[in-house]
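Heads up, protein.cif below (mmCIF, N, CA and C atoms):
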data_query
#
loop_
_atom_site.label_atom_id
_atom_site.label_comp_id
_atom_site.auth_asym_id
_atom_site.auth_seq_id
_atom_site.Cartn_x
_atom_site.Cartn_y
_atom_site.Cartn_z
N MET A 1 34.33 165.77 24.11
CA MET A 1 33.95 165.89 25.50
C MET A 1 32.49 166.34 25.61
N ILE A 2 32.08 167.23 24.75
CA ILE A 2 30.69 167.70 24.78
C ILE A 2 29.74 166.57 24.42
N LEU A 3 30.14 165.74 23.47
CA LEU A 3 29.28 164.62 23.08
C LEU A 3 29.07 163.67 24.25
N GLN A 4 30.11 163.44 25.04
CA GLN A 4 29.97 162.56 26.20
C GLN A 4 29.00 163.18 27.21
N PHE A 5 29.12 164.46 27.44
CA PHE A 5 28.26 165.13 28.41
C PHE A 5 26.80 165.06 27.96
N THR A 6 26.55 165.34 26.71
CA THR A 6 25.17 165.34 26.23
C THR A 6 24.59 163.93 26.20
N SER A 7 25.43 162.91 26.16
CA SER A 7 24.88 161.56 26.18
C SER A 7 24.35 161.21 27.56
N PHE A 8 24.86 161.88 28.61
CA PHE A 8 24.37 161.63 29.96
C PHE A 8 23.17 162.49 30.31
N VAL A 9 23.09 163.69 29.72
CA VAL A 9 22.02 164.62 30.05
C VAL A 9 21.30 164.98 28.77
N ASN A 10 20.03 164.76 28.75
CA ASN A 10 19.22 165.15 27.61
C ASN A 10 18.85 166.61 27.80
N LEU A 11 19.48 167.49 27.04
CA LEU A 11 19.28 168.91 27.22
C LEU A 11 17.84 169.34 26.97
N ARG A 12 17.11 168.59 26.19
CA ARG A 12 15.72 168.96 25.90
C ARG A 12 14.81 168.72 27.10
N GLU A 13 15.23 167.87 28.03
CA GLU A 13 14.40 167.58 29.19
C GLU A 13 14.63 168.54 30.34
N LEU A 14 15.66 169.40 30.26
CA LEU A 14 15.93 170.35 31.32
C LEU A 14 14.86 171.44 31.33
N PRO A 15 14.50 171.93 32.51
CA PRO A 15 13.52 173.02 32.55
C PRO A 15 14.11 174.28 31.93
N ASP A 16 13.24 175.16 31.50
CA ASP A 16 13.69 176.43 30.92
C ASP A 16 14.46 177.20 31.98
N MET A 17 15.76 177.46 31.74
CA MET A 17 16.60 178.06 32.75
C MET A 17 17.02 179.48 32.38
N THR A 18 16.21 180.17 31.63
CA THR A 18 16.56 181.54 31.28
C THR A 18 16.42 182.44 32.50
N MET A 19 17.33 183.41 32.61
CA MET A 19 17.30 184.35 33.73
C MET A 19 16.81 185.68 33.20
N ASN A 20 15.96 186.32 33.95
CA ASN A 20 15.58 187.65 33.52
C ASN A 20 16.70 188.61 33.89
N GLU A 21 16.65 189.79 33.39
CA GLU A 21 17.73 190.77 33.58
C GLU A 21 17.93 191.13 35.05
N LYS A 22 16.88 191.21 35.81
CA LYS A 22 16.98 191.56 37.23
C LYS A 22 17.74 190.48 38.00
N SER A 23 17.43 189.22 37.75
CA SER A 23 18.13 188.12 38.41
C SER A 23 19.59 188.08 37.99
N LEU A 24 19.85 188.32 36.75
CA LEU A 24 21.23 188.33 36.26
C LEU A 24 22.02 189.47 36.90
N ALA A 25 21.42 190.63 37.04
CA ALA A 25 22.09 191.76 37.68
C ALA A 25 22.40 191.45 39.14
N LYS A 26 21.46 190.82 39.85
CA LYS A 26 21.69 190.43 41.24
C LYS A 26 22.84 189.44 41.34
N LEU A 27 22.87 188.47 40.45
CA LEU A 27 23.94 187.47 40.45
C LEU A 27 25.30 188.12 40.18
N CYS A 28 25.34 189.02 39.22
CA CYS A 28 26.59 189.73 38.91
C CYS A 28 27.07 190.55 40.11
N MET A 29 26.16 191.22 40.78
CA MET A 29 26.52 192.02 41.95
C MET A 29 27.05 191.12 43.06
N LEU A 30 26.42 190.01 43.30
CA LEU A 30 26.85 189.08 44.34
C LEU A 30 28.24 188.53 44.04
N VAL A 31 28.47 188.12 42.81
CA VAL A 31 29.77 187.59 42.42
C VAL A 31 30.84 188.68 42.54
N SER A 32 30.52 189.91 42.19
CA SER A 32 31.47 191.02 42.32
C SER A 32 31.84 191.27 43.77
N ILE A 33 30.86 191.29 44.64
CA ILE A 33 31.12 191.53 46.06
C ILE A 33 31.97 190.41 46.65
N VAL A 34 31.64 189.18 46.34
CA VAL A 34 32.43 188.05 46.83
C VAL A 34 33.86 188.13 46.30
N GLY A 35 34.02 188.47 45.03
CA GLY A 35 35.36 188.60 44.45
C GLY A 35 36.17 189.70 45.12
N LEU A 36 35.56 190.84 45.37
CA LEU A 36 36.26 191.93 46.05
C LEU A 36 36.65 191.54 47.47
N ALA A 37 35.77 190.82 48.16
CA ALA A 37 36.09 190.37 49.52
C ALA A 37 37.29 189.42 49.50
N ILE A 38 37.33 188.53 48.54
CA ILE A 38 38.46 187.60 48.42
C ILE A 38 39.74 188.36 48.13
N ILE A 39 39.69 189.32 47.24
CA ILE A 39 40.89 190.12 46.93
C ILE A 39 41.36 190.87 48.17
N TYR A 40 40.45 191.46 48.92
CA TYR A 40 40.81 192.20 50.13
C TYR A 40 41.48 191.27 51.14
N ILE A 41 40.90 190.10 51.36
CA ILE A 41 41.46 189.15 52.32
C ILE A 41 42.84 188.68 51.87
N MET A 42 42.99 188.36 50.60
CA MET A 42 44.29 187.90 50.09
C MET A 42 45.34 189.00 50.22
N GLU A 43 44.96 190.24 49.96
CA GLU A 43 45.89 191.36 50.07
C GLU A 43 46.35 191.54 51.51
N SER A 44 45.42 191.49 52.45
CA SER A 44 45.79 191.70 53.85
C SER A 44 46.61 190.54 54.39
N VAL A 45 46.38 189.33 53.91
CA VAL A 45 47.14 188.18 54.36
C VAL A 45 48.53 188.14 53.74
N SER A 46 48.63 188.48 52.46
CA SER A 46 49.88 188.31 51.74
C SER A 46 50.76 189.56 51.70
N SER A 47 50.28 190.67 52.23
CA SER A 47 51.07 191.89 52.12
C SER A 47 52.33 191.81 52.97
N ALA A 48 53.40 192.37 52.45
CA ALA A 48 54.68 192.36 53.15
C ALA A 48 54.65 193.34 54.30
N ASP A 49 55.55 193.12 55.25
CA ASP A 49 55.67 194.05 56.35
C ASP A 49 56.10 195.41 55.82
N THR A 50 55.57 196.44 56.42
CA THR A 50 55.91 197.80 56.02
C THR A 50 57.24 198.20 56.64
N THR A 51 58.08 198.83 55.83
CA THR A 51 59.37 199.33 56.27
C THR A 51 59.24 200.81 56.58
N ALA A 52 59.82 201.23 57.70
CA ALA A 52 59.84 202.66 58.02
C ALA A 52 60.80 203.35 57.04
N ILE A 53 60.40 204.48 56.52
CA ILE A 53 61.22 205.19 55.54
C ILE A 53 62.59 205.53 56.12
N GLY A 54 62.63 205.89 57.39
CA GLY A 54 63.89 206.24 58.02
C GLY A 54 64.88 205.09 58.13
N SER A 55 64.39 203.86 58.02
CA SER A 55 65.29 202.70 58.12
C SER A 55 65.90 202.30 56.78
N ILE A 56 65.52 203.00 55.71
CA ILE A 56 66.08 202.70 54.39
C ILE A 56 67.45 203.39 54.29
N THR A 57 68.46 202.57 54.00
CA THR A 57 69.83 203.09 53.90
C THR A 57 70.47 202.57 52.63
N LYS A 58 71.72 202.95 52.41
CA LYS A 58 72.45 202.45 51.24
C LYS A 58 72.61 200.94 51.29
N ASP A 59 72.52 200.35 52.48
CA ASP A 59 72.59 198.89 52.60
C ASP A 59 71.37 198.20 52.02
N THR A 60 70.26 198.92 51.86
CA THR A 60 69.04 198.32 51.32
C THR A 60 68.88 198.53 49.82
N VAL A 61 69.88 199.13 49.17
CA VAL A 61 69.81 199.34 47.72
C VAL A 61 69.67 197.99 47.02
N GLY A 62 68.71 197.92 46.12
CA GLY A 62 68.45 196.70 45.37
C GLY A 62 67.39 195.82 46.01
N GLU A 63 67.02 196.11 47.25
CA GLU A 63 66.01 195.32 47.94
C GLU A 63 64.61 195.84 47.66
N SER A 64 63.66 194.93 47.75
CA SER A 64 62.25 195.31 47.63
C SER A 64 61.74 195.72 48.99
N VAL A 65 61.00 196.82 49.04
CA VAL A 65 60.44 197.32 50.29
C VAL A 65 58.99 197.73 50.07
N LYS A 66 58.27 197.82 51.19
CA LYS A 66 56.93 198.41 51.18
C LYS A 66 56.96 199.53 52.20
N VAL A 67 56.67 200.75 51.75
CA VAL A 67 56.66 201.91 52.63
C VAL A 67 55.31 202.61 52.50
N CYS A 68 54.88 203.20 53.60
CA CYS A 68 53.61 203.94 53.61
C CYS A 68 53.85 205.33 54.16
N GLY A 69 53.11 206.29 53.65
CA GLY A 69 53.24 207.65 54.13
C GLY A 69 52.35 208.60 53.35
N THR A 70 52.68 209.87 53.47
CA THR A 70 51.90 210.93 52.84
C THR A 70 52.62 211.45 51.60
N ILE A 71 51.89 211.60 50.51
CA ILE A 71 52.45 212.10 49.25
C ILE A 71 52.66 213.61 49.36
N SER A 72 53.84 214.06 48.91
CA SER A 72 54.11 215.50 48.83
C SER A 72 55.00 215.77 47.62
N LYS A 73 55.04 217.02 47.20
CA LYS A 73 55.89 217.47 46.09
C LYS A 73 55.72 216.61 44.84
N MET A 74 54.49 216.24 44.54
CA MET A 74 54.23 215.38 43.39
C MET A 74 54.23 216.19 42.09
N TYR A 75 54.85 215.64 41.06
CA TYR A 75 54.75 216.23 39.73
C TYR A 75 54.88 215.14 38.68
N VAL A 76 54.37 215.45 37.50
CA VAL A 76 54.40 214.53 36.37
C VAL A 76 55.30 215.14 35.31
N SER A 77 56.26 214.36 34.83
CA SER A 77 57.19 214.86 33.81
C SER A 77 56.52 214.89 32.45
N ASN A 78 57.19 215.51 31.49
CA ASN A 78 56.64 215.55 30.13
C ASN A 78 56.64 214.16 29.49
N LYS A 79 57.38 213.22 30.06
CA LYS A 79 57.36 211.83 29.58
C LYS A 79 56.33 210.99 30.34
N GLU A 80 55.51 211.67 31.17
CA GLU A 80 54.43 211.07 31.94
C GLU A 80 54.91 210.15 33.06
N ASN A 81 56.17 210.30 33.49
CA ASN A 81 56.64 209.64 34.70
C ASN A 81 56.21 210.49 35.88
N ILE A 82 55.94 209.85 37.00
CA ILE A 82 55.46 210.55 38.19
C ILE A 82 56.56 210.53 39.25
N PHE A 83 56.78 211.67 39.87
CA PHE A 83 57.76 211.80 40.93
C PHE A 83 57.08 212.42 42.14
N PHE A 84 57.37 211.89 43.33
CA PHE A 84 56.85 212.50 44.55
C PHE A 84 57.69 212.07 45.73
N ASN A 85 57.52 212.76 46.82
CA ASN A 85 58.13 212.35 48.09
C ASN A 85 57.07 211.62 48.88
N LEU A 86 57.52 210.62 49.61
CA LEU A 86 56.63 209.90 50.52
C LEU A 86 57.18 210.13 51.92
N ASN A 87 56.33 210.61 52.82
CA ASN A 87 56.76 211.03 54.15
C ASN A 87 56.06 210.26 55.24
N ASP A 88 56.84 209.74 56.19
CA ASP A 88 56.30 209.33 57.49
C ASP A 88 57.08 210.19 58.49
N SER A 89 57.92 209.64 59.32
CA SER A 89 58.77 210.49 60.16
C SER A 89 60.01 210.92 59.39
N ALA A 90 60.23 210.31 58.22
CA ALA A 90 61.32 210.66 57.31
C ALA A 90 60.71 210.82 55.93
N SER A 91 61.55 211.05 54.93
CA SER A 91 61.06 211.27 53.58
C SER A 91 61.95 210.55 52.57
N ILE A 92 61.35 210.06 51.49
CA ILE A 92 62.11 209.44 50.41
C ILE A 92 61.43 209.76 49.09
N SER A 93 62.22 209.88 48.04
CA SER A 93 61.67 210.13 46.70
C SER A 93 61.15 208.83 46.12
N VAL A 94 60.06 208.93 45.38
CA VAL A 94 59.47 207.78 44.71
C VAL A 94 59.32 208.12 43.24
N VAL A 95 59.69 207.17 42.39
CA VAL A 95 59.57 207.34 40.95
C VAL A 95 58.60 206.27 40.44
N VAL A 96 57.61 206.72 39.67
CA VAL A 96 56.67 205.81 39.03
C VAL A 96 56.80 206.02 37.53
N PHE A 97 57.39 205.04 36.86
CA PHE A 97 57.54 205.16 35.42
C PHE A 97 56.20 204.99 34.72
N ARG A 98 56.09 205.58 33.56
CA ARG A 98 54.81 205.64 32.83
C ARG A 98 54.14 204.28 32.70
N ASP A 99 54.91 203.23 32.39
CA ASP A 99 54.30 201.91 32.21
C ASP A 99 53.66 201.39 33.49
N LYS A 100 54.21 201.74 34.65
CA LYS A 100 53.60 201.34 35.92
C LYS A 100 52.44 202.26 36.29
N ALA A 101 52.55 203.53 35.94
CA ALA A 101 51.49 204.49 36.26
C ALA A 101 50.19 204.11 35.56
N GLU A 102 50.29 203.45 34.43
CA GLU A 102 49.10 203.03 33.69
C GLU A 102 48.35 201.90 34.40
N LEU A 103 49.01 201.24 35.37
CA LEU A 103 48.39 200.12 36.06
C LEU A 103 47.42 200.54 37.16
N PHE A 104 47.46 201.79 37.55
CA PHE A 104 46.53 202.28 38.56
C PHE A 104 46.10 203.68 38.17
N ASP A 105 45.14 204.22 38.86
CA ASP A 105 44.58 205.53 38.52
C ASP A 105 45.49 206.64 39.01
N ALA A 106 46.55 206.91 38.26
CA ALA A 106 47.52 207.94 38.66
C ALA A 106 46.89 209.32 38.70
N GLY A 107 45.85 209.53 37.94
CA GLY A 107 45.17 210.82 37.92
C GLY A 107 44.51 211.16 39.25
N SER A 108 44.26 210.14 40.07
CA SER A 108 43.64 210.40 41.37
C SER A 108 44.66 210.71 42.45
N MET A 109 45.94 210.55 42.16
CA MET A 109 46.98 210.87 43.14
C MET A 109 47.07 212.37 43.33
N LYS A 110 47.25 212.79 44.61
CA LYS A 110 47.45 214.20 44.87
C LYS A 110 48.21 214.37 46.18
N ASN A 111 48.81 215.53 46.33
CA ASN A 111 49.54 215.83 47.55
C ASN A 111 48.62 215.72 48.77
N GLY A 112 49.17 215.20 49.86
CA GLY A 112 48.40 215.04 51.08
C GLY A 112 47.71 213.69 51.20
N MET A 113 47.69 212.92 50.12
CA MET A 113 47.03 211.62 50.13
C MET A 113 47.96 210.58 50.77
N GLN A 114 47.38 209.63 51.48
CA GLN A 114 48.14 208.53 52.05
C GLN A 114 48.32 207.45 50.98
N ALA A 115 49.52 206.84 50.95
CA ALA A 115 49.79 205.80 49.96
C ALA A 115 50.79 204.81 50.52
N CYS A 116 50.71 203.59 50.04
CA CYS A 116 51.71 202.57 50.32
C CYS A 116 52.33 202.19 48.98
N VAL A 117 53.66 202.15 48.97
CA VAL A 117 54.41 201.88 47.75
C VAL A 117 55.24 200.62 47.93
N ASP A 118 55.09 199.68 47.01
CA ASP A 118 55.97 198.52 46.93
C ASP A 118 56.95 198.82 45.81
N GLY A 119 58.23 198.70 46.10
CA GLY A 119 59.20 199.00 45.06
C GLY A 119 60.61 198.59 45.46
N THR A 120 61.55 199.00 44.63
CA THR A 120 62.95 198.65 44.82
C THR A 120 63.74 199.90 45.17
N VAL A 121 64.59 199.79 46.18
CA VAL A 121 65.42 200.91 46.61
C VAL A 121 66.58 201.06 45.62
N GLN A 122 66.78 202.30 45.15
CA GLN A 122 67.87 202.62 44.22
C GLN A 122 68.54 203.91 44.66
N ILE A 123 69.68 204.18 44.06
CA ILE A 123 70.36 205.46 44.27
C ILE A 123 70.38 206.20 42.94
N TYR A 124 69.99 207.47 42.97
CA TYR A 124 70.05 208.33 41.78
C TYR A 124 70.60 209.67 42.23
N ASN A 125 71.63 210.14 41.56
CA ASN A 125 72.31 211.39 41.95
C ASN A 125 72.67 211.40 43.44
N GLU A 126 73.18 210.28 43.89
CA GLU A 126 73.65 210.09 45.27
C GLU A 126 72.55 210.20 46.32
N LYS A 127 71.29 210.07 45.90
CA LYS A 127 70.17 210.11 46.84
C LYS A 127 69.37 208.81 46.71
N LEU A 128 68.87 208.35 47.85
CA LEU A 128 68.03 207.15 47.85
C LEU A 128 66.66 207.47 47.27
N GLU A 129 66.13 206.52 46.52
CA GLU A 129 64.78 206.64 45.98
C GLU A 129 64.18 205.25 45.84
N ILE A 130 62.89 205.21 45.67
CA ILE A 130 62.19 203.95 45.44
C ILE A 130 61.60 203.97 44.05
N ILE A 131 61.91 202.94 43.28
CA ILE A 131 61.29 202.76 41.97
C ILE A 131 60.04 201.93 42.22
N ALA A 132 58.90 202.56 42.06
CA ALA A 132 57.62 201.92 42.42
C ALA A 132 57.25 200.82 41.43
N GLY A 133 56.80 199.72 41.99
CA GLY A 133 56.23 198.63 41.20
C GLY A 133 54.74 198.57 41.37
N ARG A 134 54.30 199.06 42.54
CA ARG A 134 52.87 199.01 42.87
C ARG A 134 52.57 200.10 43.88
N ILE A 135 51.42 200.72 43.75
CA ILE A 135 51.00 201.77 44.69
C ILE A 135 49.56 201.51 45.09
N ALA A 136 49.32 201.56 46.39
CA ALA A 136 47.95 201.47 46.91
C ALA A 136 47.63 202.82 47.53
N LEU A 137 46.61 203.46 46.99
CA LEU A 137 46.21 204.79 47.47
C LEU A 137 45.11 204.68 48.51
N ASP A 138 45.16 205.56 49.49
CA ASP A 138 44.09 205.69 50.48
C ASP A 138 43.47 207.06 50.25
N SER A 139 42.25 207.11 49.78
CA SER A 139 41.63 208.39 49.41
C SER A 139 41.25 209.21 50.62
N ARG A 140 41.27 208.63 51.82
CA ARG A 140 40.96 209.41 53.03
C ARG A 140 42.15 210.32 53.32
N GLU A 141 41.90 211.59 53.45
CA GLU A 141 42.99 212.54 53.71
C GLU A 141 42.95 213.01 55.14
#

As a first step, turn the structure in this file into structure tokens.
Amino acid sequence: MILQFTSFVNLRELPDMTMNEKSLAKLCMLVSIVGLAIIYIMESVSSADTTAIGSITKDTVGESVKVCGTISKMYVSNKENIFFNLNDSASISVVVFRDKAELFDAGSMKNGMQACVDGTVQIYNEKLEIIAGRIALDSRE
């Protein structure tokens, strides 16, 4: 395939196309900003409807939900799993297993922070909880 391409274009006749470091940095910044904008737009378009925590019942066990609220009573176990309550007008326990916690900056999570959790509703010790698959943190407190 490369041989076919070079037969159409004589690479020696092309002007010198080297980029200096400043131009390359500008190009990288532009591509990064455009990429972040695309990710933001795709996230806002494709995000699932948020479920009110109070509407989660035993009938929703096994279903995927997205809930948003305030983090409280957060702690990290010795196995590096994260546990916290997520509160809106109601409260539910959220479990983030170590393998999922590695996918985002769990070290930046703290009580009082706003977060949205995508996960699956489960029952543990006769209490409802969400096993987190994804967490979006809002650093504004």

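A straight line drawn from atom C of Ala106 in chain A to atom N of Gly133 in chain A is 14.2 Å long.
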
key: All alpha helix (DSSP H) residues (DSSP, backbone) inside chain A, as number ranges by chain   = A: 2-8, 21-46, 98-101

key: Best match for closeness to Met74 in chain A among A:Ala90, A:Leu128, A:Met109, A:Leu27, counting only N, CA and C atoms   = A:Met109

key: Between CA of Thr51 in chain A and CA of Ser64 in chain A, distance in Å (one decimal)   = 10.0 Å

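Comparing the minimum interatomic distances between Thr50 in chain A and each of A:Ala132, A:Cys68, A:Met113, A:Ile123, counting all atoms listed in the file, we find that A:Cys68 sits nearest.
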
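Closest approach to Ala52 in chain A among A:Glu80, A:Asp118, A:Asp88, A:Asp99 is made by A:Asp88 (distances from all atoms listed in the file).
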
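This file gives the following result for the PyMOL selection byres ((chain A and resi 129) around 6.5): Ile92, Ser93, Val94, Val95, Thr120, Val121, Gln122, Ile123, Tyr124, Lys127, Leu128, Ile130 and Ile131 of chain A.
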